[in-house]
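What follows is model_23.txt (compact mmCIF, C-alpha atoms and all ligand atoms).
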# COMPACT_ATOMS: atom_id res chain seq x y z
CA MET A 18 180.36 -85.04 145.37
CA ALA A 19 177.34 -83.99 147.47
CA GLU A 20 174.01 -85.61 146.74
CA PHE A 21 171.32 -83.21 145.55
CA PHE A 22 168.16 -85.34 145.74
CA THR A 23 168.93 -86.38 149.30
CA ASP A 24 165.38 -87.43 150.22
CA VAL A 25 164.91 -89.85 147.34
CA SER A 26 166.35 -93.34 146.99
CA PRO A 27 166.42 -95.29 143.73
CA ILE A 28 162.89 -95.79 142.38
CA GLN A 29 161.76 -99.41 142.22
CA PHE A 30 158.94 -101.29 140.51
CA GLU A 31 156.46 -102.20 143.27
CA GLY A 32 153.35 -103.08 141.26
CA PRO A 33 149.87 -101.53 141.07
CA ASP A 34 148.96 -102.21 144.71
CA THR A 35 151.81 -100.33 146.39
CA ASP A 36 150.98 -97.23 148.40
CA ASN A 37 154.44 -95.75 147.87
CA ASP A 38 154.18 -92.57 145.76
CA LEU A 39 157.82 -92.84 144.74
CA ALA A 40 157.58 -96.26 143.09
CA PHE A 41 156.63 -97.59 139.68
CA ARG A 42 153.29 -99.37 139.43
CA PHE A 43 153.54 -100.51 135.80
CA TYR A 44 157.09 -99.76 134.63
CA ASP A 45 158.84 -103.05 135.25
CA PRO A 46 162.07 -102.85 133.20
CA ASP A 47 162.65 -106.62 133.01
CA ARG A 48 159.11 -107.63 132.14
CA MET A 49 158.95 -109.18 128.68
CA VAL A 50 156.53 -107.40 126.36
CA MET A 51 156.20 -108.40 122.71
CA GLY A 52 159.49 -110.25 122.77
CA LYS A 53 161.72 -107.68 124.49
CA ARG A 54 162.31 -106.24 127.96
CA MET A 55 159.97 -103.34 128.70
CA GLU A 56 162.97 -101.05 129.19
CA ASP A 57 164.32 -101.96 125.74
CA GLN A 58 160.93 -101.41 124.09
CA LEU A 59 160.23 -97.99 125.62
CA ARG A 60 163.81 -96.61 125.56
CA ILE A 61 162.95 -93.79 127.97
CA ALA A 62 165.06 -90.63 128.21
CA VAL A 63 165.08 -87.63 130.55
CA CYS A 64 165.71 -84.24 128.95
CA TYR A 65 168.43 -82.04 130.34
CA TRP A 66 166.97 -78.65 129.38
CA HIS A 67 163.59 -78.44 131.10
CA SER A 68 164.61 -80.56 134.08
CA PHE A 69 168.03 -79.07 134.89
CA ASN A 70 168.56 -75.97 132.81
CA TRP A 71 165.31 -74.12 133.33
CA PRO A 72 164.72 -72.25 136.58
CA GLY A 73 160.91 -72.30 136.41
CA SER A 74 160.64 -68.80 134.95
CA ASP A 75 157.89 -67.67 132.59
CA VAL A 76 157.31 -64.49 130.61
CA PHE A 77 155.73 -62.86 133.65
CA GLY A 78 158.01 -64.01 136.42
CA ALA A 79 161.32 -65.25 137.70
CA GLY A 80 162.43 -68.82 138.35
CA THR A 81 160.75 -70.65 141.21
CA PHE A 82 162.85 -73.83 141.28
CA ASP A 83 165.64 -74.84 143.58
CA ARG A 84 168.46 -75.09 141.00
CA PRO A 85 171.54 -73.65 142.76
CA TRP A 86 173.69 -74.01 139.62
CA LEU A 87 171.53 -71.56 137.62
CA GLY A 88 171.88 -67.80 137.58
CA GLY A 89 173.93 -67.52 140.76
CA SER A 90 177.42 -66.25 141.36
CA MET A 91 179.14 -69.61 140.77
CA GLU A 92 181.99 -69.87 138.27
CA PRO A 93 180.20 -71.05 135.08
CA MET A 94 182.12 -74.31 134.56
CA ALA A 95 181.81 -75.24 138.25
CA ALA A 96 178.07 -74.59 137.95
CA ALA A 97 177.94 -76.78 134.82
CA ARG A 98 179.62 -79.64 136.68
CA MET A 99 177.28 -79.27 139.65
CA LYS A 100 174.32 -79.35 137.26
CA MET A 101 175.68 -82.48 135.59
CA ASP A 102 176.25 -84.18 138.96
CA ALA A 103 172.62 -83.53 139.91
CA ALA A 104 171.37 -84.60 136.48
CA PHE A 105 173.18 -87.95 136.53
CA GLU A 106 172.15 -88.53 140.15
CA PHE A 107 168.57 -88.01 138.98
CA PHE A 108 168.90 -90.29 135.91
CA ALA A 109 170.46 -93.03 138.02
CA LYS A 110 167.89 -92.81 140.83
CA LEU A 111 165.00 -92.76 138.37
CA GLY A 112 166.54 -95.76 136.66
CA THR A 113 165.74 -94.79 133.07
CA PRO A 114 168.30 -95.79 130.45
CA PHE A 115 168.76 -92.58 128.41
CA TYR A 116 169.05 -88.80 128.46
CA CYS A 117 169.03 -86.05 125.79
CA PHE A 118 170.79 -82.68 125.69
CA HIS A 119 171.52 -79.49 123.72
CA ASP A 120 175.18 -78.39 123.56
CA LEU A 121 174.39 -75.31 125.66
CA ASP A 122 172.43 -77.21 128.31
CA ILE A 123 175.59 -78.91 129.47
CA ALA A 124 178.15 -76.12 128.97
CA PRO A 125 178.13 -72.33 129.31
CA GLU A 126 178.48 -70.18 126.22
CA GLY A 127 181.88 -68.41 126.23
CA ASP A 128 182.83 -64.99 124.87
CA THR A 129 184.06 -66.50 121.60
CA PHE A 130 183.11 -69.57 119.56
CA ALA A 131 186.46 -71.16 120.46
CA GLU A 132 185.74 -70.73 124.16
CA THR A 133 182.23 -72.18 123.84
CA ARG A 134 183.67 -75.09 121.90
CA SER A 135 186.23 -75.87 124.58
CA ASN A 136 183.56 -75.57 127.32
CA VAL A 137 181.38 -78.07 125.46
CA GLU A 138 184.33 -80.41 124.94
CA ALA A 139 185.23 -80.32 128.63
CA MET A 140 181.65 -81.09 129.64
CA VAL A 141 181.39 -83.88 127.07
CA GLU A 142 184.43 -85.43 128.70
CA TYR A 143 182.79 -85.08 132.10
CA ALA A 144 179.57 -86.61 130.71
CA GLU A 145 181.58 -89.53 129.35
CA GLN A 146 182.78 -90.33 132.88
CA LYS A 147 179.29 -89.95 134.33
CA MET A 148 177.81 -92.24 131.68
CA GLU A 149 180.42 -94.84 132.42
CA GLU A 150 179.77 -94.67 136.18
CA THR A 151 175.97 -94.84 135.90
CA GLY A 152 175.43 -96.84 132.68
CA VAL A 153 173.06 -94.11 131.44
CA LYS A 154 173.21 -93.68 127.64
CA LEU A 155 172.52 -90.86 125.20
CA LEU A 156 169.30 -91.10 123.19
CA TRP A 157 170.07 -87.93 121.26
CA GLY A 158 172.13 -84.79 121.16
CA THR A 159 171.26 -81.49 119.52
CA ALA A 160 172.43 -77.89 119.21
CA ASN A 161 170.67 -74.87 120.63
CA LEU A 162 170.19 -72.71 117.52
CA PHE A 163 167.45 -70.52 119.00
CA SER A 164 168.43 -68.82 122.29
CA HIS A 165 171.25 -66.48 121.26
CA PRO A 166 170.21 -63.14 119.67
CA ARG A 167 172.26 -64.00 116.54
CA TYR A 168 169.54 -66.59 115.76
CA ALA A 169 166.62 -64.16 116.13
CA ALA A 170 165.93 -64.39 112.38
CA GLY A 171 166.65 -68.12 112.18
CA ALA A 172 169.76 -70.28 111.92
CA ALA A 173 169.91 -72.12 108.56
CA THR A 174 167.04 -69.95 107.28
CA ASN A 175 168.64 -66.66 108.31
CA PRO A 176 168.84 -64.01 105.59
CA ASN A 177 172.52 -63.58 106.54
CA PRO A 178 174.81 -66.42 105.35
CA GLU A 179 177.21 -65.68 108.22
CA VAL A 180 174.55 -66.84 110.66
CA PHE A 181 174.11 -69.99 108.55
CA ALA A 182 177.87 -70.55 108.83
CA TYR A 183 177.83 -70.02 112.60
CA ALA A 184 174.99 -72.51 112.98
CA ALA A 185 176.87 -74.98 110.77
CA ALA A 186 179.94 -74.71 113.00
CA GLN A 187 177.81 -75.29 116.07
CA VAL A 188 176.02 -78.32 114.60
CA LYS A 189 179.33 -79.83 113.48
CA ASN A 190 180.52 -79.72 117.09
CA ALA A 191 177.25 -81.03 118.47
CA LEU A 192 177.42 -83.95 116.01
CA ASP A 193 180.99 -84.64 117.11
CA ALA A 194 179.84 -84.62 120.75
CA THR A 195 176.91 -86.94 119.99
CA LEU A 196 179.19 -89.37 118.16
CA ARG A 197 181.71 -89.33 121.00
CA LEU A 198 178.99 -90.05 123.58
CA GLY A 199 177.57 -92.91 121.52
CA GLY A 200 174.24 -91.16 120.87
CA SER A 201 171.55 -93.19 119.11
CA ASN A 202 170.19 -90.16 117.22
CA TYR A 203 170.87 -86.53 116.41
CA VAL A 204 167.96 -84.03 116.39
CA LEU A 205 167.34 -80.85 114.42
CA TRP A 206 164.50 -78.83 115.85
CA GLY A 207 163.94 -75.69 113.80
CA GLY A 208 162.83 -73.41 116.60
CA ARG A 209 163.40 -70.24 114.62
CA GLU A 210 163.45 -71.77 111.12
CA GLY A 211 160.31 -69.99 110.05
CA TYR A 212 159.09 -66.42 109.91
CA GLU A 213 157.56 -63.68 112.01
CA THR A 214 156.16 -61.81 109.01
CA LEU A 215 155.90 -62.52 105.30
CA LEU A 216 156.55 -58.83 104.63
CA ASN A 217 160.32 -59.37 104.92
CA THR A 218 160.56 -63.08 104.10
CA SER A 219 161.24 -65.18 101.02
CA VAL A 220 159.89 -68.59 101.95
CA SER A 221 161.43 -70.31 98.93
CA LYS A 222 164.92 -68.94 99.64
CA GLU A 223 164.64 -69.98 103.27
CA THR A 224 163.46 -73.51 102.59
CA ASP A 225 166.23 -73.94 100.00
CA GLN A 226 168.73 -72.85 102.66
CA LEU A 227 167.27 -75.27 105.17
CA ALA A 228 167.59 -78.13 102.69
CA ARG A 229 171.20 -77.17 101.96
CA PHE A 230 171.90 -77.22 105.69
CA MET A 231 170.32 -80.64 106.05
CA HIS A 232 172.41 -82.02 103.18
CA MET A 233 175.53 -80.71 104.93
CA VAL A 234 174.46 -82.51 108.10
CA VAL A 235 173.99 -85.76 106.17
CA ASP A 236 177.40 -85.39 104.50
CA TYR A 237 179.14 -84.69 107.79
CA LYS A 238 177.35 -87.54 109.54
CA LYS A 239 178.67 -89.90 106.86
CA ALA A 240 182.16 -88.37 106.90
CA ILE A 241 182.59 -89.00 110.64
CA GLY A 242 180.90 -92.40 110.61
CA PHE A 243 177.98 -91.49 112.87
CA GLU A 244 175.61 -94.43 112.58
CA GLY A 245 172.73 -93.00 114.58
CA THR A 246 169.55 -91.65 113.02
CA LEU A 247 169.09 -88.01 112.01
CA LEU A 248 165.78 -86.65 113.23
CA ILE A 249 163.73 -83.54 112.42
CA GLU A 250 161.31 -82.42 115.09
CA PRO A 251 158.15 -80.92 113.55
CA LYS A 252 156.42 -77.98 115.21
CA PRO A 253 153.96 -75.56 113.61
CA GLN A 254 154.85 -72.39 115.49
CA GLU A 255 156.31 -71.00 118.73
CA PRO A 256 158.63 -69.20 118.97
CA THR A 257 158.09 -68.14 115.35
CA LYS A 258 154.65 -67.41 113.92
CA HIS A 259 155.19 -70.17 111.37
CA GLN A 260 157.78 -72.94 111.30
CA TYR A 261 158.73 -74.71 108.08
CA ASP A 262 158.71 -78.15 109.77
CA TYR A 263 155.00 -77.74 110.52
CA ASP A 264 154.02 -81.38 111.05
CA SER A 265 154.97 -84.90 109.92
CA ALA A 266 153.28 -84.58 106.54
CA THR A 267 155.02 -81.26 105.82
CA VAL A 268 158.39 -82.69 106.79
CA HIS A 269 157.74 -85.77 104.66
CA GLY A 270 156.97 -83.57 101.64
CA PHE A 271 160.07 -81.47 102.32
CA LEU A 272 162.28 -84.57 102.48
CA GLU A 273 160.87 -85.85 99.19
CA ARG A 274 161.20 -82.46 97.50
CA TYR A 275 164.84 -82.00 98.49
CA ASP A 276 166.05 -85.55 98.00
CA LEU A 277 166.46 -86.21 101.72
CA PHE A 278 163.93 -89.04 102.14
CA GLY A 279 165.58 -91.94 103.97
CA GLU A 280 168.20 -89.63 105.53
CA PHE A 281 165.96 -87.93 108.11
CA PHE A 282 163.10 -89.27 110.20
CA VAL A 283 160.70 -87.41 112.47
CA ASN A 284 160.90 -86.86 116.20
CA ILE A 285 157.23 -86.29 117.00
CA GLU A 286 156.26 -84.29 120.08
CA THR A 287 152.76 -84.64 121.51
CA ASN A 288 152.24 -80.96 122.25
CA HIS A 289 153.58 -79.96 118.83
CA ALA A 290 151.04 -82.32 117.26
CA THR A 291 148.21 -80.65 119.17
CA LEU A 292 149.51 -77.16 118.29
CA ALA A 293 149.32 -78.23 114.63
CA GLY A 294 145.66 -79.12 115.12
CA HIS A 295 146.38 -82.86 115.12
CA SER A 296 146.66 -85.56 117.76
CA LEU A 297 149.79 -87.51 118.63
CA HIS A 298 148.00 -90.53 117.18
CA HIS A 299 147.59 -88.75 113.84
CA GLU A 300 151.23 -87.69 113.66
CA VAL A 301 152.50 -91.15 114.59
CA ALA A 302 150.16 -93.00 112.23
CA TYR A 303 151.12 -90.69 109.37
CA ALA A 304 154.85 -91.06 110.00
CA VAL A 305 154.79 -94.83 110.56
CA GLU A 306 152.77 -95.50 107.41
CA ASN A 307 154.94 -93.23 105.28
CA GLY A 308 158.33 -94.48 106.38
CA VAL A 309 159.45 -91.35 108.25
CA PHE A 310 158.85 -92.35 111.87
CA GLY A 311 161.83 -91.99 114.22
CA SER A 312 161.25 -91.06 117.86
CA ILE A 313 158.89 -89.36 120.32
CA ASP A 314 159.10 -86.36 122.62
CA ALA A 315 156.51 -87.42 125.16
CA ASN A 316 154.53 -84.65 126.81
CA ARG A 317 151.08 -83.11 126.57
CA GLY A 318 149.46 -79.71 126.20
CA ASP A 319 146.67 -78.20 128.19
CA PRO A 320 143.36 -78.46 126.35
CA GLN A 321 142.51 -74.82 127.15
CA ASN A 322 145.91 -73.34 126.27
CA GLY A 323 147.18 -72.63 122.79
CA TRP A 324 150.89 -72.92 123.56
CA ASP A 325 153.52 -75.54 124.25
CA THR A 326 152.96 -76.21 127.98
CA ASP A 327 155.07 -79.40 127.85
CA GLN A 328 153.24 -81.12 130.70
CA PHE A 329 154.01 -84.70 131.66
CA PRO A 330 151.91 -87.23 129.73
CA ASN A 331 149.06 -88.77 131.72
CA SER A 332 146.62 -90.09 129.17
CA VAL A 333 146.82 -93.86 128.71
CA GLU A 334 144.27 -93.65 125.93
CA GLU A 335 146.29 -91.20 123.84
CA MET A 336 149.56 -93.03 124.39
CA SER A 337 148.05 -96.49 123.80
CA LEU A 338 146.81 -95.53 120.35
CA SER A 339 150.22 -94.18 119.36
CA LEU A 340 152.05 -97.16 120.84
CA TYR A 341 149.69 -99.42 118.95
CA GLU A 342 150.79 -97.82 115.66
CA ILE A 343 154.49 -97.92 116.58
CA PHE A 344 154.53 -101.48 117.86
CA SER A 345 152.25 -102.88 115.15
CA ARG A 346 155.25 -102.16 112.93
CA GLY A 347 157.92 -103.58 115.20
CA GLY A 348 158.60 -100.71 117.64
CA PHE A 349 161.55 -98.34 117.84
CA LYS A 350 164.79 -98.76 115.97
CA ASN A 351 167.06 -96.02 117.34
CA GLY A 352 164.28 -93.82 118.72
CA GLY A 353 162.62 -93.86 122.11
CA PHE A 354 160.49 -91.77 124.44
CA ASN A 355 162.17 -88.56 125.54
CA PHE A 356 160.44 -86.67 128.34
CA ASP A 357 160.53 -83.19 126.79
CA THR A 358 158.50 -82.07 129.77
CA LYS A 359 158.34 -79.22 132.23
CA LEU A 360 157.19 -79.21 135.80
CA ARG A 361 154.55 -76.63 136.59
CA ARG A 362 156.08 -73.50 138.09
CA GLN A 363 154.63 -74.23 141.52
CA SER A 364 156.17 -77.72 141.62
CA MET A 365 159.20 -76.44 143.43
CA ALA A 366 160.01 -79.28 145.84
CA ARG A 367 163.03 -81.32 144.76
CA ASP A 368 161.07 -84.56 144.66
CA ASP A 369 158.44 -83.09 142.27
CA LEU A 370 160.77 -83.98 139.42
CA PHE A 371 160.55 -87.64 140.48
CA HIS A 372 156.77 -87.63 140.92
CA ALA A 373 156.36 -86.10 137.48
CA HIS A 374 158.60 -88.60 135.70
CA ILE A 375 157.20 -91.59 137.58
CA GLY A 376 153.67 -90.66 136.47
CA GLY A 377 154.73 -90.20 132.86
CA ILE A 378 156.73 -93.42 132.80
CA ASP A 379 153.90 -95.47 134.33
CA THR A 380 151.55 -93.96 131.73
CA LEU A 381 153.88 -95.19 128.97
CA ALA A 382 154.34 -98.60 130.57
CA LEU A 383 150.60 -99.19 130.96
CA SER A 384 150.05 -97.94 127.41
CA LEU A 385 152.60 -100.44 126.14
CA LEU A 386 150.66 -103.24 127.84
CA VAL A 387 147.42 -101.98 126.30
CA ALA A 388 149.09 -101.82 122.87
CA GLU A 389 150.34 -105.38 123.34
CA GLN A 390 146.80 -106.52 124.05
CA LEU A 391 145.39 -104.63 121.07
CA ILE A 392 148.01 -106.15 118.79
CA SER A 393 147.64 -109.70 120.06
CA GLY A 394 143.81 -109.41 120.06
CA GLY A 395 144.02 -108.53 116.37
CA GLY A 396 140.56 -106.89 116.32
CA LEU A 397 141.72 -103.49 115.08
CA ARG A 398 143.92 -104.96 112.41
CA ALA A 399 141.19 -107.29 111.22
CA ALA A 400 138.71 -104.41 111.02
CA ARG A 401 141.13 -102.25 109.04
CA ASP A 402 142.03 -105.12 106.71
CA ALA A 403 138.40 -105.99 106.11
CA ARG A 404 137.62 -102.37 105.29
CA TYR A 405 140.11 -102.36 102.40
CA ALA A 406 139.60 -105.98 101.30
CA GLY A 407 137.98 -104.86 98.03
CA TRP A 408 141.33 -103.56 96.86
CA SER A 409 142.59 -107.13 96.57
CA SER A 410 139.81 -107.98 94.10
CA ALA A 411 140.28 -107.92 90.32
CA LEU A 412 138.69 -104.46 90.17
CA GLY A 413 140.95 -103.04 92.91
CA ALA A 414 144.05 -104.50 91.23
CA ALA A 415 143.02 -103.06 87.84
CA ILE A 416 142.57 -99.59 89.34
CA SER A 417 145.76 -99.50 91.38
CA GLY A 418 147.78 -101.32 88.72
CA GLY A 419 146.81 -98.69 86.15
CA THR A 420 145.08 -101.03 83.67
CA ALA A 421 141.64 -99.48 84.22
CA ASP A 422 140.98 -95.92 83.05
CA LEU A 423 137.99 -93.59 83.48
CA ALA A 424 136.24 -94.88 80.36
CA ALA A 425 136.71 -98.54 81.28
CA LEU A 426 135.31 -97.90 84.73
CA GLU A 427 132.37 -96.01 83.28
CA ALA A 428 131.60 -98.96 81.00
CA LYS A 429 131.44 -101.31 83.99
CA VAL A 430 129.21 -98.94 85.95
CA ILE A 431 126.83 -98.54 82.95
CA ALA A 432 126.71 -102.31 82.50
CA GLY A 433 125.56 -102.62 86.12
CA GLU A 434 128.65 -104.66 87.04
CA ILE A 435 129.46 -102.08 89.70
CA ASP A 436 126.84 -101.08 92.24
CA PRO A 437 128.48 -100.22 95.59
CA LYS A 438 126.53 -100.34 98.88
CA PRO A 439 127.59 -98.20 101.86
CA VAL A 440 128.93 -100.20 104.83
CA SER A 441 129.39 -99.33 108.49
CA GLY A 442 132.73 -97.83 109.57
CA ARG A 443 132.08 -99.38 113.00
CA GLN A 444 133.69 -96.46 114.82
CA GLU A 445 131.91 -96.90 118.14
CA ALA A 446 132.53 -100.64 118.18
CA LEU A 447 136.24 -99.98 117.64
CA GLU A 448 136.30 -97.29 120.32
CA ASN A 449 134.77 -99.81 122.73
CA LEU A 450 137.49 -102.29 121.82
CA ILE A 451 140.16 -99.75 122.86
CA ASN A 452 138.42 -98.99 126.13
CA ARG A 453 138.05 -102.68 126.97
CA ALA A 454 141.78 -103.18 126.44
CA ILE A 455 142.48 -100.26 128.79
CA TRP A 456 140.04 -101.48 131.45
CA THR A 457 141.31 -105.05 131.46
CA THR A 458 144.98 -104.05 131.48
CA SER A 459 144.81 -101.58 134.39
C1 LIG A 501 160.71 -77.16 121.67
C2 LIG A 501 161.30 -78.44 121.32
C3 LIG A 501 162.72 -78.64 121.82
C4 LIG A 501 163.39 -79.77 121.08
C5 LIG A 501 164.87 -79.79 121.18
O1 LIG A 501 159.50 -76.96 121.55
O2 LIG A 501 160.47 -79.45 121.79
O3 LIG A 501 162.71 -78.84 123.19
O4 LIG A 501 162.91 -81.00 121.50
O5 LIG A 501 165.48 -78.66 120.67
NI NI A 502 160.94 -81.49 121.81
NI NI A 503 158.37 -78.67 122.40

Show how you would write the structure in this file as structure tokens.
Ligand code: XLS
Ligand code: NI
Ligand code: NI
Amino acid sequence: MAEFFTDVSPIQFEGPDTDNDLAFRFYDPDRMVMGKRMEDQLRIAVCYWHSFNWPGSDVFGAGTFDRPWLGGSMEPMAAARMKMDAAFEFFAKLGTPFYCFHDLDIAPEGDTFAETRSNVEAMVEYAEQKMEETGVKLLWGTANLFSHPRYAAGAATNPNPEVFAYAAAQVKNALDATLRLGGSNYVLWGGREGYETLLNTSVSKETDQLARFMHMVVDYKKAIGFEGTLLIEPKPQEPTKHQYDYDSATVHGFLERYDLFGEFFVNIETNHATLAGHSLHHEVAYAVENGVFGSIDANRGDPQNGWDTDQFPNSVEEMSLSLYEIFSRGGFKNGGFNFDTKLRRQSMARDDLFHAHIGGIDTLALSLLVAEQLISGGGLRAARDARYAGWSSALGAAISGGTADLAALEAKVIAGEIDPKPVSGRQEALENLINRAIWTTS
């Protein structure tokens, strides 16, 4: 098997002072951080789709990348094997422990469902060998329920039940593949589970259908003994005008409403958070505090663009705040950081894929060290605790325990027993605390 990334040797940790561009400065897999190896805390994955299955095209122009297995005259299964060889060479040279894929990233769609199914099965078998040779593991699998024209009006939320059935068949196979490859999680991203116009849409019918689909996924997961975590990936829009899994809070409400809480958790993507008008920090804090946090798709948007640019993460501040929330509560269970990231279209040299991932991985590693310092310093926690301390008093307990009602509270206020004074929220002092942790760590 010919090497593809011939100019790159395995990437090593060389520390912050190295002048080697193709080395890690902060990602030191064996370094112990908060009781575990850094590699086991961060659980980093490379995504198959943007890195190996996308030619660098955009709506205005053709692919710019050197991906000989895409769009050429090769026999489709030979091209799929060549793509997988290059992908596993990349994973192994980068040295990250996981990858993620959609069924149709690894195998070509055939003329019939049966043909597609056997293509996927053959490539799963090939992936099994590659995983054994390299030791790379599967963070999550998923099904592509958005590219084919049959899904133009949605998959589970399609007005036609036959499309629902087709999507169900596809997800069943993708779950089987994920189980076989020992995946830690299975993801549902509802790319087209939303609407283009309300003029032809019944939102209540569609959300009921989506819930039914999710219950089927739960039942099948249990039937086959898949012990990984089921994840929903929120996104507010794109490609549809509106997606039902808008953000973490919407998904949380949906899970509660349809009796799915505890069965699904969220896979939060940075750029989806910003498209929803939030920050990654907001989405993570919401999910962690409400018991729905699962995993992260690490990327970033462009502050001037209103779409999902999927750039590689480079903000230690943004990542540190999110890591602080995740690791204050013990870190990942089955989740991890998947690089759902795209090179820019002009990054067409083969080694650009390494530079991009190295930068993103070092950003996460440094952020983990900052989070460790913020947690061990205890300043943020103490400030938050102090802010809510009143709720441990007799008054707080009476209110939250339900023994005080409006009239009882009014009586206390009239009697002058209650006379609250405004206190400082100390925002700037806390912001300085974050910056000091970043400065001293880097
Ligand atoms: C698209 C999503 C997608 C999911 C997997 O915006 O991020 O890549 O992660 O289907
Ligand atoms: Ni994603
Ligand atoms: Ni995305």

Once you count all atoms listed in the file, which residues end up within 10 Å of ligand LIG 501 (chain A), and could you hand them over as JSON, numbers by chain?
{"A": [64, 65, 66, 67, 117, 118, 119, 157, 158, 159, 160, 161, 162, 163, 204, 205, 206, 207, 208, 249, 250, 251, 252, 253, 254, 255, 256, 284, 285, 286, 287, 288, 289, 313, 314, 315, 316, 324, 325, 326, 327, 355, 356, 357, 358]}

May I have the selected residues written with C-alpha atoms, as a short mmCIF file (atom, residue, chain, number, x, y, z; two decimals), in the coordinates of the input?
data_model
loop_
_atom_site.label_atom_id
_atom_site.label_comp_id
_atom_site.auth_asym_id
_atom_site.auth_seq_id
_atom_site.Cartn_x
_atom_site.Cartn_y
_atom_site.Cartn_z
CA CYS A 64 165.71 -84.24 128.95
CA TYR A 65 168.43 -82.04 130.34
CA TRP A 66 166.97 -78.65 129.38
CA HIS A 67 163.59 -78.44 131.10
CA CYS A 117 169.03 -86.05 125.79
CA PHE A 118 170.79 -82.68 125.69
CA HIS A 119 171.52 -79.49 123.72
CA TRP A 157 170.07 -87.93 121.26
CA GLY A 158 172.13 -84.79 121.16
CA THR A 159 171.26 -81.49 119.52
CA ALA A 160 172.43 -77.89 119.21
CA ASN A 161 170.67 -74.87 120.63
CA LEU A 162 170.19 -72.71 117.52
CA PHE A 163 167.45 -70.52 119.00
CA VAL A 204 167.96 -84.03 116.39
CA LEU A 205 167.34 -80.85 114.42
CA TRP A 206 164.50 -78.83 115.85
CA GLY A 207 163.94 -75.69 113.80
CA GLY A 208 162.83 -73.41 116.60
CA ILE A 249 163.73 -83.54 112.42
CA GLU A 250 161.31 -82.42 115.09
CA PRO A 251 158.15 -80.92 113.55
CA LYS A 252 156.42 -77.98 115.21
CA PRO A 253 153.96 -75.56 113.61
CA GLN A 254 154.85 -72.39 115.49
CA GLU A 255 156.31 -71.00 118.73
CA PRO A 256 158.63 -69.20 118.97
CA ASN A 284 160.90 -86.86 116.20
CA ILE A 285 157.23 -86.29 117.00
CA GLU A 286 156.26 -84.29 120.08
CA THR A 287 152.76 -84.64 121.51
CA ASN A 288 152.24 -80.96 122.25
CA HIS A 289 153.58 -79.96 118.83
CA ILE A 313 158.89 -89.36 120.32
CA ASP A 314 159.10 -86.36 122.62
CA ALA A 315 156.51 -87.42 125.16
CA ASN A 316 154.53 -84.65 126.81
CA TRP A 324 150.89 -72.92 123.56
CA ASP A 325 153.52 -75.54 124.25
CA THR A 326 152.96 -76.21 127.98
CA ASP A 327 155.07 -79.40 127.85
CA ASN A 355 162.17 -88.56 125.54
CA PHE A 356 160.44 -86.67 128.34
CA ASP A 357 160.53 -83.19 126.79
CA THR A 358 158.50 -82.07 129.77
#

Extract, using only C-alpha atoms, all DNA, RNA and protein residues at most 9 Å from A:Asn331, discarding same-chain residues fewer than 5 positions from it, and format them as a VMD selection string.
chain A and resid 316 to 317 336 376 to 377 379 to 381

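At a cut-off of 10 Å from (152.0, -79.7, 108.8), the residue set is Pro251, Lys252, Pro253, Gln260, Tyr261, Asp262, Tyr263, Asp264, Ser265, Ala266, Thr267, Val268, His269, Gly270, Ala290, Ala293, Gly294, His295 and Glu300 of chain A (counting all atoms listed in the file).
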
For the residues in that selection, give me C-alpha atoms as a PDB file, keeping the file's coordinate frame.
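Done, and the output landed in result-v8.pdb:
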ATOM      1  CA  PRO A 251     158.150 -80.920 113.550  1.00  0.00           C
ATOM      2  CA  LYS A 252     156.420 -77.980 115.210  1.00  0.00           C
ATOM      3  CA  PRO A 253     153.960 -75.560 113.610  1.00  0.00           C
ATOM      4  CA  GLN A 260     157.780 -72.940 111.300  1.00  0.00           C
ATOM      5  CA  TYR A 261     158.730 -74.710 108.080  1.00  0.00           C
ATOM      6  CA  ASP A 262     158.710 -78.150 109.770  1.00  0.00           C
ATOM      7  CA  TYR A 263     155.000 -77.740 110.520  1.00  0.00           C
ATOM      8  CA  ASP A 264     154.020 -81.380 111.050  1.00  0.00           C
ATOM      9  CA  SER A 265     154.970 -84.900 109.920  1.00  0.00           C
ATOM     10  CA  ALA A 266     153.280 -84.580 106.540  1.00  0.00           C
ATOM     11  CA  THR A 267     155.020 -81.260 105.820  1.00  0.00           C
ATOM     12  CA  VAL A 268     158.390 -82.690 106.790  1.00  0.00           C
ATOM     13  CA  HIS A 269     157.740 -85.770 104.660  1.00  0.00           C
ATOM     14  CA  GLY A 270     156.970 -83.570 101.640  1.00  0.00           C
ATOM     15  CA  ALA A 290     151.040 -82.320 117.260  1.00  0.00           C
ATOM     16  CA  ALA A 293     149.320 -78.230 114.630  1.00  0.00           C
ATOM     17  CA  GLY A 294     145.660 -79.120 115.120  1.00  0.00           C
ATOM     18  CA  HIS A 295     146.380 -82.860 115.120  1.00  0.00           C
ATOM     19  CA  GLU A 300     151.230 -87.690 113.660  1.00  0.00           C
TER      20      GLU A 300
END

Please list as JSON, numbers by chain every residue within 12 Å of A:Asp193, counting all atoms listed in the file and excluding residues in the same chain fewer than 6 positions away.
{"A": [120, 134, 137, 138, 141, 158, 159, 160, 186, 187, 199, 200, 203, 234, 237, 238, 239, 240, 241, 242, 243]}

In Å and to one decimal, atom CA of A:Ala144 is distant from atom CA of A:Glu132 by 18.3 Å

To one decimal place, how far is atom CA of A:Ala373 from atom CA of A:Pro72 in Å?
16.2 Å

Pairwise distance for atom CA of A:Gly442 and atom CA of A:Gly396, rounded to one decimal in Å
13.7 Å

Top pick for closest residue to ligand NI 502 (chain A), considering A:Ser312, A:Thr113, A:Asn217, A:Gln29 and counting only C-alpha atoms and all ligand atoms
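The answer is A:Ser312, which sits nearest to ligand NI 502 (chain A).
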